[in-house]
Each structure stands twice: as C-alpha cells, then as structure tokens.
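Undergrad: Supplied structure: structure_37.cif, mmCIF, C-alpha atoms.
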data_coords
loop_
_atom_site.label_atom_id
_atom_site.label_comp_id
_atom_site.auth_asym_id
_atom_site.auth_seq_id
_atom_site.Cartn_x
_atom_site.Cartn_y
_atom_site.Cartn_z
CA MET A 1 30.24 36.66 174.27
CA GLN A 2 31.17 36.58 177.95
CA ALA A 3 30.72 39.70 180.08
CA ALA A 4 30.68 40.66 183.77
CA VAL A 5 27.27 42.19 184.45
CA TRP A 6 26.38 44.25 187.56
CA TYR A 7 22.88 43.61 188.90
CA ALA A 8 23.25 45.01 192.43
CA ALA A 9 25.86 45.46 195.15
CA LYS A 10 27.63 42.12 195.64
CA ASP A 11 25.76 40.72 192.64
CA LEU A 12 28.16 40.65 189.69
CA ARG A 13 27.61 37.82 187.22
CA VAL A 14 29.75 36.51 184.39
CA GLU A 15 27.27 35.52 181.72
CA GLN A 16 26.63 35.28 177.99
CA VAL A 17 25.41 38.48 176.33
CA PRO A 18 24.99 39.49 172.67
CA VAL A 19 28.04 40.83 170.85
CA PRO A 20 27.48 44.59 170.39
CA THR A 21 27.09 46.07 166.92
CA ILE A 22 27.93 49.47 165.45
CA ASN A 23 24.87 51.65 164.85
CA ASP A 24 26.54 55.07 164.72
CA PRO A 25 28.82 56.24 161.87
CA HIS A 26 31.26 57.67 164.45
CA ALA A 27 31.41 54.48 166.53
CA VAL A 28 34.28 52.03 166.97
CA LYS A 29 34.16 48.35 167.92
CA VAL A 30 37.03 47.13 170.08
CA LYS A 31 38.18 43.64 170.98
CA VAL A 32 39.19 44.03 174.63
CA ALA A 33 42.72 42.84 175.41
CA ALA A 34 43.16 43.95 179.04
CA CYS A 35 40.94 45.67 181.62
CA GLY A 36 41.85 46.76 185.13
CA ILE A 37 39.63 46.61 188.18
CA CYS A 38 39.31 50.16 189.50
CA GLY A 39 38.61 51.46 192.98
CA SER A 40 35.38 52.90 191.57
CA ASP A 41 34.43 49.42 190.36
CA LEU A 42 35.13 48.11 193.84
CA HIS A 43 32.88 50.78 195.41
CA GLU A 44 30.08 49.82 193.01
CA TYR A 45 30.52 46.14 193.81
CA ALA A 46 30.70 46.62 197.58
CA ALA A 47 28.21 49.44 198.16
CA GLY A 48 26.78 50.65 194.84
CA PRO A 49 25.06 52.06 192.96
CA ILE A 50 27.12 55.26 192.71
CA PHE A 51 27.58 55.92 188.99
CA ILE A 52 25.55 52.89 187.87
CA PRO A 53 22.06 54.04 186.79
CA VAL A 54 19.29 52.18 188.61
CA GLY A 55 15.60 52.74 187.98
CA LYS A 56 16.23 55.34 185.28
CA PRO A 57 18.38 55.10 182.13
CA HIS A 58 21.54 57.15 181.89
CA PRO A 59 20.83 60.14 179.58
CA ILE A 60 23.76 59.38 177.28
CA SER A 61 24.02 55.58 177.27
CA GLY A 62 20.24 55.11 177.43
CA GLU A 63 20.81 52.09 179.69
CA GLN A 64 20.32 51.19 183.32
CA ALA A 65 21.28 48.24 185.51
CA PRO A 66 21.99 45.48 184.81
CA ILE A 67 25.03 46.85 182.97
CA ILE A 68 28.42 45.52 181.84
CA MET A 69 31.28 46.80 184.01
CA GLY A 70 34.88 47.70 183.22
CA HIS A 71 36.23 51.14 182.26
CA GLU A 72 40.05 50.82 182.48
CA PHE A 73 40.86 49.02 179.26
CA ALA A 74 42.70 48.74 175.99
CA GLY A 75 42.22 46.61 172.92
CA GLU A 76 42.25 46.27 169.16
CA VAL A 77 39.92 48.07 166.77
CA VAL A 78 38.02 45.41 164.79
CA GLU A 79 35.36 47.55 163.09
CA VAL A 80 34.70 51.25 162.50
CA GLY A 81 31.71 53.34 161.45
CA ASP A 82 31.57 54.98 158.03
CA LYS A 83 32.62 58.41 159.33
CA VAL A 84 35.39 57.40 161.75
CA THR A 85 38.66 59.22 161.05
CA ARG A 86 40.72 58.88 164.26
CA VAL A 87 41.46 55.15 164.02
CA LYS A 88 41.28 52.24 161.61
CA VAL A 89 40.79 48.48 161.89
CA GLY A 90 43.86 46.90 163.45
CA ASP A 91 44.85 49.91 165.55
CA ARG A 92 45.72 49.33 169.18
CA VAL A 93 43.84 51.75 171.43
CA ALA A 94 43.36 52.89 175.02
CA ILE A 95 39.82 53.90 175.92
CA GLU A 96 38.85 57.21 177.54
CA PRO A 97 35.53 56.02 179.00
CA ILE A 98 33.87 59.34 179.89
CA LEU A 99 30.23 59.67 178.82
CA SER A 100 29.63 63.36 178.14
CA PRO A 101 27.63 65.18 175.45
CA ASN A 102 29.25 64.56 172.07
CA LYS A 103 28.56 65.08 168.41
CA ASP A 104 30.22 63.93 165.20
CA GLY A 105 33.01 62.12 167.00
CA ALA A 106 33.96 64.86 169.48
CA TYR A 107 33.08 65.98 173.00
CA GLN A 108 30.98 69.15 172.96
CA MET A 109 32.23 70.68 176.22
CA GLU A 110 35.77 71.95 176.83
CA ARG A 111 35.59 70.63 180.42
CA TYR A 112 33.69 67.55 179.38
CA ASN A 113 34.29 65.75 182.67
CA LEU A 114 32.17 68.36 184.48
CA THR A 115 28.91 67.75 182.64
CA PRO A 116 25.86 67.17 184.88
CA MET A 117 25.28 64.07 182.75
CA LEU A 118 28.69 62.60 183.56
CA GLY A 119 28.91 58.86 183.23
CA PHE A 120 31.43 56.21 182.29
CA HIS A 121 31.49 53.47 179.71
CA GLY A 122 31.63 50.39 181.92
CA LEU A 123 29.83 52.05 184.86
CA SER A 124 26.86 53.85 183.33
CA GLY A 125 25.75 51.53 180.55
CA GLY A 126 26.69 51.31 176.89
CA GLY A 127 28.99 48.31 177.32
CA GLY A 128 32.24 47.87 179.17
CA GLY A 129 35.72 46.42 179.29
CA PHE A 130 34.81 43.33 181.28
CA SER A 131 33.61 41.75 178.04
CA GLU A 132 35.10 40.36 174.86
CA PHE A 133 33.92 43.22 172.63
CA THR A 134 32.51 46.68 173.22
CA VAL A 135 31.45 49.67 171.10
CA MET A 136 32.02 53.36 171.82
CA GLY A 137 32.34 56.71 170.03
CA GLU A 138 35.59 57.50 168.26
CA HIS A 139 36.10 60.47 170.59
CA MET A 140 36.76 57.91 173.34
CA VAL A 141 39.65 56.05 171.68
CA HIS A 142 43.34 56.96 171.65
CA LYS A 143 45.96 55.15 169.59
CA LEU A 144 48.54 53.37 171.72
CA PRO A 145 52.20 54.01 170.89
CA ASP A 146 53.92 50.88 169.63
CA GLU A 147 56.14 50.74 172.73
CA LEU A 148 53.17 50.37 175.10
CA SER A 149 51.59 46.98 175.76
CA TYR A 150 47.84 46.41 176.08
CA GLU A 151 48.37 46.00 179.82
CA GLN A 152 50.09 49.37 179.90
CA GLY A 153 47.18 50.73 177.86
CA ALA A 154 44.74 49.55 180.53
CA LEU A 155 46.64 51.71 183.03
CA VAL A 156 46.22 54.93 181.04
CA GLU A 157 42.80 55.58 182.60
CA PRO A 158 43.85 55.43 186.28
CA ALA A 159 47.09 57.26 185.46
CA ALA A 160 44.97 60.00 183.87
CA VAL A 161 43.13 60.45 187.18
CA ALA A 162 46.43 60.91 189.00
CA LEU A 163 47.92 63.26 186.41
CA HIS A 164 44.75 65.37 186.31
CA ALA A 165 44.78 65.60 190.13
CA VAL A 166 48.35 66.91 190.14
CA ARG A 167 47.69 69.27 187.23
CA GLN A 168 44.66 70.73 189.00
CA SER A 169 46.60 71.25 192.22
CA CYS A 170 48.72 74.29 193.05
CA LEU A 171 51.90 72.18 193.16
CA LYS A 172 55.00 73.66 191.51
CA ALA A 173 58.38 72.11 190.79
CA GLY A 174 60.34 71.87 194.03
CA ASP A 175 57.23 71.73 196.27
CA SER A 176 56.45 69.00 198.80
CA ALA A 177 53.43 66.70 198.76
CA ALA A 178 51.78 63.97 200.81
CA VAL A 179 49.70 61.17 199.31
CA PHE A 180 47.26 59.52 201.70
CA GLY A 181 46.65 56.00 200.43
CA ALA A 182 49.06 54.00 198.27
CA GLY A 183 46.58 51.97 196.28
CA PRO A 184 46.67 52.15 192.47
CA ILE A 185 45.64 55.82 192.21
CA GLY A 186 47.85 56.81 195.13
CA LEU A 187 50.89 55.11 193.59
CA MET A 188 50.16 56.76 190.26
CA THR A 189 49.80 60.11 192.03
CA ILE A 190 53.31 59.59 193.37
CA GLU A 191 54.48 59.03 189.80
CA ALA A 192 52.60 62.12 188.56
CA LEU A 193 54.16 64.18 191.36
CA LYS A 194 57.62 62.98 190.35
CA ALA A 195 56.90 63.97 186.75
CA ALA A 196 55.74 67.40 187.97
CA GLY A 197 58.95 67.98 189.88
CA ALA A 198 57.89 67.51 193.50
CA ALA A 199 60.99 67.63 195.71
CA GLN A 200 59.64 65.59 198.63
CA ILE A 201 56.80 63.08 198.46
CA TYR A 202 55.36 61.37 201.54
CA ALA A 203 53.08 58.33 201.28
CA VAL A 204 50.77 57.49 204.18
CA GLU A 205 49.83 53.81 204.07
CA VAL A 206 49.34 50.80 206.36
CA ALA A 207 49.51 47.78 204.01
CA PRO A 208 53.07 46.36 203.90
CA SER A 209 53.07 45.57 200.18
CA ARG A 210 51.74 49.00 199.27
CA LYS A 211 54.24 50.70 201.57
CA ALA A 212 56.99 48.79 199.79
CA LYS A 213 55.73 49.87 196.37
CA ALA A 214 55.46 53.51 197.45
CA GLU A 215 58.98 53.42 198.82
CA ALA A 216 60.26 51.78 195.63
CA LEU A 217 58.75 54.68 193.67
CA GLY A 218 60.73 57.14 195.77
CA ALA A 219 58.22 58.24 198.42
CA ILE A 220 59.03 58.58 202.13
CA VAL A 221 56.57 56.20 203.78
CA VAL A 222 54.65 57.01 206.96
CA ASP A 223 52.59 54.30 208.68
CA PRO A 224 49.72 55.86 210.69
CA GLN A 225 49.37 52.66 212.72
CA GLN A 226 52.89 53.06 214.02
CA GLU A 227 53.07 56.82 214.52
CA ASP A 228 51.06 60.02 214.27
CA ALA A 229 51.13 60.61 210.50
CA VAL A 230 50.46 64.36 210.72
CA ALA A 231 53.11 64.96 213.38
CA LYS A 232 55.62 62.86 211.45
CA ILE A 233 55.05 64.78 208.21
CA HIS A 234 55.36 68.11 210.03
CA SER A 235 58.61 67.00 211.67
CA LEU A 236 60.05 65.76 208.38
CA ASN A 237 58.99 68.79 206.37
CA SER A 238 59.32 71.81 208.66
CA GLY A 239 55.67 72.51 209.37
CA GLY A 240 53.75 70.63 206.71
CA VAL A 241 53.56 69.98 202.99
CA ASP A 242 52.48 72.28 200.20
CA VAL A 243 49.82 69.90 198.86
CA ALA A 244 48.14 66.77 200.26
CA PHE A 245 46.23 64.29 198.12
CA GLU A 246 43.45 62.27 199.78
CA VAL A 247 43.08 58.95 197.95
CA THR A 248 41.34 56.65 200.46
CA GLY A 249 37.73 57.78 200.90
CA ILE A 250 38.10 57.34 204.68
CA PRO A 251 36.70 60.25 206.77
CA ALA A 252 39.48 60.26 209.37
CA VAL A 253 42.07 60.36 206.61
CA LEU A 254 40.52 63.50 205.13
CA ASN A 255 41.29 65.27 208.40
CA GLN A 256 44.81 63.89 208.43
CA ALA A 257 45.38 65.16 204.90
CA LEU A 258 44.05 68.59 205.86
CA HIS A 259 46.28 68.90 208.92
CA SER A 260 49.36 67.63 207.09
CA THR A 261 49.55 70.86 205.06
CA HIS A 262 51.16 74.07 206.23
CA GLU A 263 49.46 77.48 206.45
CA GLY A 264 48.17 78.32 202.99
CA GLY A 265 48.48 74.70 201.86
CA GLU A 266 46.07 72.76 199.69
CA VAL A 267 44.19 69.47 199.96
CA VAL A 268 43.06 67.71 196.79
CA VAL A 269 40.31 65.12 197.30
CA VAL A 270 40.66 62.41 194.67
CA SER A 271 38.54 59.63 196.19
CA ILE A 272 35.01 58.61 195.34
CA TRP A 273 33.16 58.37 198.67
CA GLU A 274 30.59 55.87 199.88
CA GLY A 275 29.36 58.21 202.67
CA GLU A 276 29.79 61.59 204.29
CA ALA A 277 32.89 63.00 205.97
CA SER A 278 33.27 65.94 208.34
CA PHE A 279 35.99 68.43 209.17
CA GLN A 280 36.29 71.62 211.20
CA PRO A 281 35.99 74.56 208.76
CA ASN A 282 38.25 76.65 211.00
CA ASP A 283 41.08 74.31 210.03
CA LEU A 284 40.69 75.79 206.57
CA VAL A 285 39.80 79.33 207.57
CA ILE A 286 42.38 80.15 210.23
CA LYS A 287 45.25 78.60 208.27
CA GLU A 288 44.00 79.93 204.90
CA ARG A 289 44.14 76.43 203.45
CA THR A 290 42.32 75.36 200.30
CA MET A 291 40.39 72.15 199.68
CA LYS A 292 39.29 71.08 196.23
CA GLY A 293 37.95 67.98 194.53
CA ILE A 294 38.70 66.48 191.15
CA ILE A 295 36.65 64.08 189.06
CA ALA A 296 38.22 61.84 186.45
CA TYR A 297 40.28 63.81 183.88
CA ARG A 298 40.14 65.76 180.64
CA HIS A 299 42.59 66.27 177.80
CA VAL A 300 45.36 64.24 179.47
CA TYR A 301 45.49 60.87 177.68
CA PRO A 302 48.21 61.96 175.20
CA ALA A 303 50.31 63.33 178.08
CA VAL A 304 49.88 60.13 180.10
CA MET A 305 51.02 57.98 177.19
CA ALA A 306 53.98 60.28 176.55
CA LEU A 307 55.02 59.93 180.19
CA MET A 308 54.59 56.16 179.95
CA GLN A 309 57.01 56.17 177.03
CA ARG A 310 59.50 57.87 179.37
CA GLY A 311 59.07 55.15 182.01
CA TYR A 312 56.36 56.54 184.29
CA PHE A 313 53.28 54.55 185.45
CA ARG A 314 54.94 51.21 184.64
CA ALA A 315 52.74 48.12 184.66
CA GLU A 316 55.47 46.17 186.48
CA ASP A 317 55.17 48.62 189.39
CA MET A 318 51.38 48.49 189.58
CA VAL A 319 50.01 45.11 188.47
CA THR A 320 49.94 42.42 191.15
CA GLN A 321 47.70 39.82 189.51
CA ARG A 322 46.32 38.82 186.13
CA ILE A 323 43.12 36.79 185.89
CA PRO A 324 40.65 35.54 183.26
CA LEU A 325 37.20 37.11 183.06
CA ALA A 326 35.58 33.93 184.38
CA ASP A 327 37.33 34.41 187.74
CA ILE A 328 36.60 38.12 188.15
CA VAL A 329 34.31 37.85 191.19
CA GLU A 330 36.36 35.65 193.53
CA GLU A 331 39.88 36.28 192.21
CA GLY A 332 39.21 39.93 191.36
CA PHE A 333 36.67 41.85 193.41
CA GLU A 334 36.65 39.65 196.51
CA ALA A 335 40.44 39.46 196.45
CA LEU A 336 40.71 43.26 196.40
CA LEU A 337 38.28 43.56 199.30
CA SER A 338 40.09 41.03 201.47
CA ASP A 339 43.74 41.25 200.45
CA LYS A 340 45.44 44.65 200.75
CA ALA A 341 48.57 43.17 199.18
CA GLN A 342 46.77 43.50 195.85
CA VAL A 343 47.24 46.74 193.95
CA LYS A 344 46.05 46.49 190.35
CA ILE A 345 44.38 43.33 189.04
CA ILE A 346 44.20 43.01 185.25
CA VAL A 347 41.37 41.01 183.68
CA THR A 348 41.73 39.32 180.29
CA PRO A 349 38.37 38.59 178.59
#
Would it be possible to restate this file's structure as structure tokens?
TA:
Amino acid sequence: MQAAVWYAAKDLRVEQVPVPTINDPHAVKVKVAACGICGSDLHEYAAGPIFIPVGKPHPISGEQAPIIMGHEFAGEVVEVGDKVTRVKVGDRVAIEPILSPNKDGAYQMERYNLTPMLGFHGLSGGGGGFSEFTVMGEHMVHKLPDELSYEQGALVEPAAVALHAVRQSCLKAGDSAAVFGAGPIGLMTIEALKAAGAAQIYAVEVAPSRKAKAEALGAIVVDPQQEDAVAKIHSLNSGGVDVAFEVTGIPAVLNQALHSTHEGGEVVVVSIWEGEASFQPNDLVIKERTMKGIIAYRHVYPAVMALMQRGYFRAEDMVTQRIPLADIVEEGFEALLSDKAQVKIIVTP
C-alpha cells in the first residue's frame, strides 16, 4: 500500500509499504478515508523530530523513524481482533490517536494524555493515517454518527484539542476570550468558546483568509500588523479578557496573550513549540494572572461529535483543500508552509 513516511525534517516520502496486519485480539484494522494535516505534523516536517522517536523506539509503539505519519483521520473498520467489542466490520470510525498505557482494549490511566510515555499513532510509530490501511487498539476508535462524513470525522481530533483547551480553562458562560492565531486549532477554539457560552471572542490574526474565517465564525478580529493587539483588546473589553488562548507557537505572541488578560486573568498555551519563549514573571505575579498548558485531550471525543451534530466544527468552515496522498509533500506540507490562505488540508489515501 501507499504511505507517507517521515525519515527526517523535510524528508517525507510517499512509498510502498506492507499492509499492516492484526496481531492483538483487541486491535482494529481501518481503511483510511480522510486524514488532515495537523500543525504538529507541520512542525515535525519543518523542524522535527518532536514526538517522532529517533534513535530509540517509542515504548508503546516499539517503533522509531522512519515512521508513517498522519493522526487526524477517520475511516471504515475492515477487520477486528477476536476480543474487540466496541466496533464491528463496516463501522465508520474516528480515531483517537493517543498512545498511552492500555490493557484489554482500554486506557489504564484516567488522565491518559499525561503519561510520561505519551505518543501518537501517526507521529510515534505504529502506523498512521497517511496510508491506505492502519491498525490500532479498539480503545482508540469511536463510532461516527451517521450524520457525520468521513471528512468531518477527520476533524474530530483537532476539534478535541480545542474543546479540551476550553474545558481546562477557567472560562465560564458570559466571559470574554481572545484567541491568538486563527489557524485550524484557533478557529476550532473559537467554536469551542461559542459552545461554552463565551460572550465576546477576539481573534488575533494577520492572514486575510484566516481573518475572514474567524470573523465568519463570530469573532471580533484584531490584526497585530495594523494596530497594537493588546491595546485594542483592552479598549474593546474594558481592561482585558478573562482568558487568552495562545495557538501560534511564536514567542512574541505568548507575551501578547499574557498582556491581553485583565488582573486575575488566565493564559492557556495550546501550541506545540519548536523552541524556547520568555516572559517577565512579574507580569503574572503582580497581576495575579495564571498561565497553564494543555496537551492533546482526554475523554472528549463523544462530546466533540455531539457538538458536530449540532453544527459546530463544520468541515465547510475549516477545509480549504483536498488532495490525494501522492501529492502530500508539495500540495500539502509545502503549501501549508508557504500559503497562509490554507487552513485545513484533507488527504485521501
């Protein structure tokens, strides 16, 4: 079968690999129907390895680079192990790609995303969604409601990041929020904030197409190239927002997010970073602000799909291009690096 295999930064190859087989009674084989290119994938392609194991196998997947990429995907179950109970052949499923200690078809930790062995199917070995078929444990599959397309199913994973970020924040219905960065996760954070009852949502973004999408979703857009984003948010919201979400991974933006909140406000760092960032601790201390990070998600896939059934996280609002697997390097990764008009690119194996 065809698969996109990561060898090193800027070295992603579409090549023929063996079709995976089931060797665990709690495993499920999926025919991939749609897989999104994630910001984490882009970081691995441009400046990795970050989550990709190099020189030492991942403790759960048992694999190291070269590995098949792709962790935002949905597909059809084509084979199941003898002890699988959650799904059957023919079911349409969205994949929760977290690699965390598991046994007998279930995660072993309540907060399974916080394991020291954290990895991701499609980033840490074990197969991935940028391939025709892949195999994973049944604890990683969720049945798609009939109303949701495979493309919508591929968006469950990034939407789960956004929903988890909002759930882990201190935001309450009626509060105000700022989202710094209106890429896929930023746009989905806007949607999650709407679902949570945020009264005012500000989106800080420079790319025209992304500004337009944020505005279409109901956010008040601030362009930091045209005005001081922090001053603008303070003027619009009487001294700052309740919660700011940093979704760019850019050091200067972290400081903007911090200063956009009022006294006692909170900053939630959602990005995966390629390098270090600095801030003045007194900006936390003297204003009694809080800064926290979130990684991935846990126990939110059912809630995401329920919100999708109500019209949140719509594919038509997020997907800007659809490409075949053969074109993933130039039309996918390189396009995302060079063209900020792109938001979510969906790959069809």
Undergrad: One decimal, in Å: what's the spacing between CA of Glu15 (chain A) and CA of Met117 (chain A)?
TA: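 Rounded to one decimal, the two atoms are 28.6 Å apart.
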Undergrad: Figure out the distance between CA of Gly105 (chain A) and CA of Gly125 (chain A), please, to one decimal in Å.
TA: 18.7 Å
Undergrad: Expand the PyMOL selection byres ((chain A and resi 333) around 12) into the explicit residue set it covers here, and present it as a PDB file with C-alpha atoms, in the frame of the given file.
TA:
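Final file, selection_29.pdb:
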ATOM      1  CA  ALA A   4      30.680  40.660 183.770  1.00  0.00           C
ATOM      2  CA  ALA A   9      25.860  45.460 195.150  1.00  0.00           C
ATOM      3  CA  LYS A  10      27.630  42.120 195.640  1.00  0.00           C
ATOM      4  CA  ASP A  11      25.760  40.720 192.640  1.00  0.00           C
ATOM      5  CA  LEU A  12      28.160  40.650 189.690  1.00  0.00           C
ATOM      6  CA  ARG A  13      27.610  37.820 187.220  1.00  0.00           C
ATOM      7  CA  GLY A  36      41.850  46.760 185.130  1.00  0.00           C
ATOM      8  CA  ILE A  37      39.630  46.610 188.180  1.00  0.00           C
ATOM      9  CA  CYS A  38      39.310  50.160 189.500  1.00  0.00           C
ATOM     10  CA  GLY A  39      38.610  51.460 192.980  1.00  0.00           C
ATOM     11  CA  SER A  40      35.380  52.900 191.570  1.00  0.00           C
ATOM     12  CA  ASP A  41      34.430  49.420 190.360  1.00  0.00           C
ATOM     13  CA  LEU A  42      35.130  48.110 193.840  1.00  0.00           C
ATOM     14  CA  HIS A  43      32.880  50.780 195.410  1.00  0.00           C
ATOM     15  CA  GLU A  44      30.080  49.820 193.010  1.00  0.00           C
ATOM     16  CA  TYR A  45      30.520  46.140 193.810  1.00  0.00           C
ATOM     17  CA  ALA A  46      30.700  46.620 197.580  1.00  0.00           C
ATOM     18  CA  MET A  69      31.280  46.800 184.010  1.00  0.00           C
ATOM     19  CA  GLY A  70      34.880  47.700 183.220  1.00  0.00           C
ATOM     20  CA  GLN A 321      47.700  39.820 189.510  1.00  0.00           C
ATOM     21  CA  ILE A 323      43.120  36.790 185.890  1.00  0.00           C
ATOM     22  CA  LEU A 325      37.200  37.110 183.060  1.00  0.00           C
ATOM     23  CA  ASP A 327      37.330  34.410 187.740  1.00  0.00           C
ATOM     24  CA  ILE A 328      36.600  38.120 188.150  1.00  0.00           C
ATOM     25  CA  VAL A 329      34.310  37.850 191.190  1.00  0.00           C
ATOM     26  CA  GLU A 330      36.360  35.650 193.530  1.00  0.00           C
ATOM     27  CA  GLU A 331      39.880  36.280 192.210  1.00  0.00           C
ATOM     28  CA  GLY A 332      39.210  39.930 191.360  1.00  0.00           C
ATOM     29  CA  GLU A 334      36.650  39.650 196.510  1.00  0.00           C
ATOM     30  CA  ALA A 335      40.440  39.460 196.450  1.00  0.00           C
ATOM     31  CA  LEU A 336      40.710  43.260 196.400  1.00  0.00           C
ATOM     32  CA  LEU A 337      38.280  43.560 199.300  1.00  0.00           C
ATOM     33  CA  SER A 338      40.090  41.030 201.470  1.00  0.00           C
ATOM     34  CA  ASP A 339      43.740  41.250 200.450  1.00  0.00           C
ATOM     35  CA  LYS A 340      45.440  44.650 200.750  1.00  0.00           C
ATOM     36  CA  GLN A 342      46.770  43.500 195.850  1.00  0.00           C
ATOM     37  CA  VAL A 343      47.240  46.740 193.950  1.00  0.00           C
ATOM     38  CA  LYS A 344      46.050  46.490 190.350  1.00  0.00           C
ATOM     39  CA  ILE A 345      44.380  43.330 189.040  1.00  0.00           C
ATOM     40  CA  ILE A 346      44.200  43.010 185.250  1.00  0.00           C
ATOM     41  CA  VAL A 347      41.370  41.010 183.680  1.00  0.00           C
TER      42      VAL A 347
END
Undergrad: Grab the CA of Val230 (chain A) to CA of Tyr297 (chain A) distance for me, in Å with one decimal place.
TA: 28.7 Å
Undergrad: For the provided coordinates, the residues matched by the PyMOL selection byres ((chain A and resi 21) around 12) should be stated as a list in words.
TA: Pro18, Val19, Pro20, Ile22, Asn23, Asp24, Pro25, Ala27, Val28, Lys29, Val30, Val78, Glu79, Val80, Gly81, Gly126, Gly127, Phe133, Thr134, Val135 and Met136 of chain A
Undergrad: Between A:Ala198, A:Ala192, A:Leu217, A:Ala160, single out the one closest to Ala173 (chain A), counting only C-alpha atoms.
TA: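 Ranked by minimum distance to Ala173 (chain A), first place goes to A:Ala198.
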Undergrad: Applied to this file, what does the PyMOL selection byres ((chain A and resi 143) around 7) return in terms of residues, put as a PyMOL selection string?
TA: chain A and resi 91-94+141-142+144-145
Undergrad: Please list as JSON, numbers by chain every residue within 8 Å of region 237-246 of chain A, counting only C-alpha atoms and excluding residues in the same chain fewer than 3 positions away.
TA: {"A": [169, 170, 171, 175, 176, 177, 178, 179, 180, 181, 233, 234, 249, 253, 254, 257, 258, 259, 260, 261, 262, 264, 265, 266, 267, 268, 269, 270, 271]}
